[in-house]
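**Student:** To be precise about what I am sending: the file is called data17.txt and holds compact mmCIF, C-alpha atoms.
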```
# COMPACT_ATOMS: atom_id res chain seq x y z
CA MET Y 1 82.58 131.34 86.91
CA GLU Y 2 84.70 130.90 90.03
CA SER Y 3 86.04 127.49 90.94
CA ASN Y 4 87.05 126.13 94.31
CA TYR Y 5 89.25 123.53 92.62
CA ILE Y 6 92.99 123.91 92.19
CA LYS Y 7 95.20 122.10 89.67
CA ILE Y 8 97.81 120.13 91.59
CA PHE Y 9 99.35 117.97 88.88
CA GLU Y 10 99.52 117.30 85.18
CA GLY Y 11 101.37 114.54 83.42
CA ASN Y 12 101.08 111.32 81.55
CA PHE Y 13 97.96 109.20 81.92
CA ILE Y 14 99.58 106.43 84.00
CA ILE Y 15 101.02 108.78 86.63
CA VAL Y 16 97.77 110.76 86.76
CA GLN Y 17 95.90 107.51 87.46
CA LEU Y 18 98.39 106.65 90.22
CA VAL Y 19 97.93 110.09 91.82
CA LYS Y 20 94.14 109.69 91.53
CA THR Y 21 94.19 106.28 93.22
CA ARG Y 22 96.45 107.45 96.04
CA LEU Y 23 94.26 110.51 96.66
CA GLU Y 24 91.13 108.38 96.78
CA ASP Y 25 92.88 106.05 99.24
CA ILE Y 26 93.11 108.93 101.73
CA GLY Y 27 89.57 110.18 101.12
CA ILE Y 28 90.20 112.91 98.55
CA ASN Y 29 88.04 112.80 95.42
CA PRO Y 30 90.05 114.46 92.64
CA VAL Y 31 88.67 115.77 89.39
CA ILE Y 32 90.60 114.59 86.33
CA LYS Y 33 90.47 116.85 83.29
CA ASP Y 34 91.48 114.90 80.21
CA GLU Y 35 90.63 116.75 77.00
CA ASN Y 36 92.12 113.98 74.86
CA GLU Y 37 89.75 111.39 76.31
CA SER Y 38 86.77 113.77 76.28
CA GLY Y 39 87.42 114.61 72.66
CA ARG Y 40 87.86 110.98 71.68
CA LEU Y 41 84.57 110.04 73.31
CA GLY Y 42 82.88 112.95 71.55
CA GLY Y 43 84.33 111.95 68.18
CA PHE Y 44 86.91 114.74 67.99
CA VAL Y 45 90.66 114.58 67.63
CA HIS Y 46 92.88 117.36 68.92
CA ASP Y 47 95.75 118.58 66.75
CA ILE Y 48 97.92 119.01 69.82
CA PRO Y 49 97.85 116.24 72.44
CA ARG Y 50 96.96 117.56 75.87
CA VAL Y 51 98.12 116.10 79.16
CA PRO Y 52 95.57 115.07 81.78
CA GLN Y 53 95.31 117.32 84.83
CA VAL Y 54 94.39 116.58 88.44
CA TYR Y 55 92.32 119.06 90.44
CA VAL Y 56 91.30 118.95 94.10
CA HIS Y 57 89.14 121.17 96.27
CA GLU Y 58 91.08 124.11 97.67
CA THR Y 59 90.62 122.82 101.24
CA GLU Y 60 92.49 119.60 100.31
CA VAL Y 61 95.46 121.06 98.41
CA GLU Y 62 98.02 120.73 101.21
CA LYS Y 63 97.19 117.07 101.90
CA ALA Y 64 96.97 116.28 98.19
CA MET Y 65 100.36 117.84 97.41
CA GLN Y 66 101.99 115.45 99.88
CA ILE Y 67 100.67 112.57 97.76
CA VAL Y 68 101.76 114.22 94.51
CA ASN Y 69 105.27 114.71 95.90
CA GLN Y 70 105.44 111.07 97.02
CA VAL Y 71 104.34 109.82 93.60
CA ARG Y 72 106.84 112.11 91.86
CA ALA Y 73 109.67 110.83 94.07
CA GLU Y 74 108.69 107.20 93.41
CA THR Y 75 108.36 107.61 89.65
CA GLU Y 76 111.56 109.65 89.27
CA ALA Y 77 113.52 107.06 91.27
CA SER Y 78 112.57 104.21 88.95
```
If you convert what's in this file into structure tokens, what do you get?
**Tutor:**
Amino acid sequence: MESNYIKIFEGNFIIVQLVKTRLEDIGINPVIKDENESGRLGGFVHDIPRVPQVYVHETEVEKAMQIVNQVRAETEAS
């Protein structure tokens, strides 16, 4: 199966949510892959915690990476 979505970020839940919100603010609808949350909802627990990942459509990668870089700069500065 071929996907047109590219992973642009992975990290802790709070920063992933910030990236998601900022992307939505500029009209990009990201896909969040969070196996921990999916497993929890399904009644499973993973032995190894996994970090959530943010994916966007390949046509939006350049614009989305600008947001990711801004969020990284903000969170690293604090």
**Student:** Rounded to one decimal in Å, what is the spacing between CA of Ala77 in chain Y and CA of Leu18 in chain Y?
**Tutor:**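 Those two atoms sit 15.2 Å apart.
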**Student:** Which value, in Å to one decimal, gives the distance between CA of Val68 in chain Y and CA of Arg50 in chain Y?
**Tutor:**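 Going from CA of Val68 in chain Y over to CA of Arg50 in chain Y, I get 19.5 Å.
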**Student:** Give me the residues within 10 Å of Thr59 in chain Y as a list in words, counting all atoms listed in the file and dropping any in the same chain fewer than 4 places off.
**Tutor:**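 Neighbouring residues, sequence-local ones excluded: Asn4, Tyr5, Ile6, Lys63 and Ala64 of chain Y.
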**Student:** Would you please work out which residue, of Y:Ile8, Y:Val56, Y:Val51, Y:Ile14, is nearest to Pro30 in chain Y when using only C-alpha atoms?
**Tutor:**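 Going through Y:Ile8, Y:Val56, Y:Val51, Y:Ile14 one by one, the smallest distance to Pro30 in chain Y is for Y:Val56.
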**Student:** Mind giving me the straight-line distance from CA of Arg22 in chain Y to CA of Glu58 in chain Y in Å, one decimal?
**Tutor:**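 Atom-to-atom, CA of Arg22 in chain Y to CA of Glu58 in chain Y, that is 17.6 Å.
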**Student:** Which of these, Y:Val31, Y:Asn69, Y:Glu76, Y:Val54, has the shortest distance to Phe9 in chain Y once you count only C-alpha atoms?
**Tutor:**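 Nearest to Phe9 in chain Y: Y:Val54.
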**Student:** Using all atoms listed in the file, can you tell me which of Y:Asp34, Y:Glu74, Y:Asp25, Y:Glu60 comes closest to Glu10 in chain Y?
**Tutor:**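 Looking only at the distances to Glu10 in chain Y, the closest residue turns out to be Y:Asp34.
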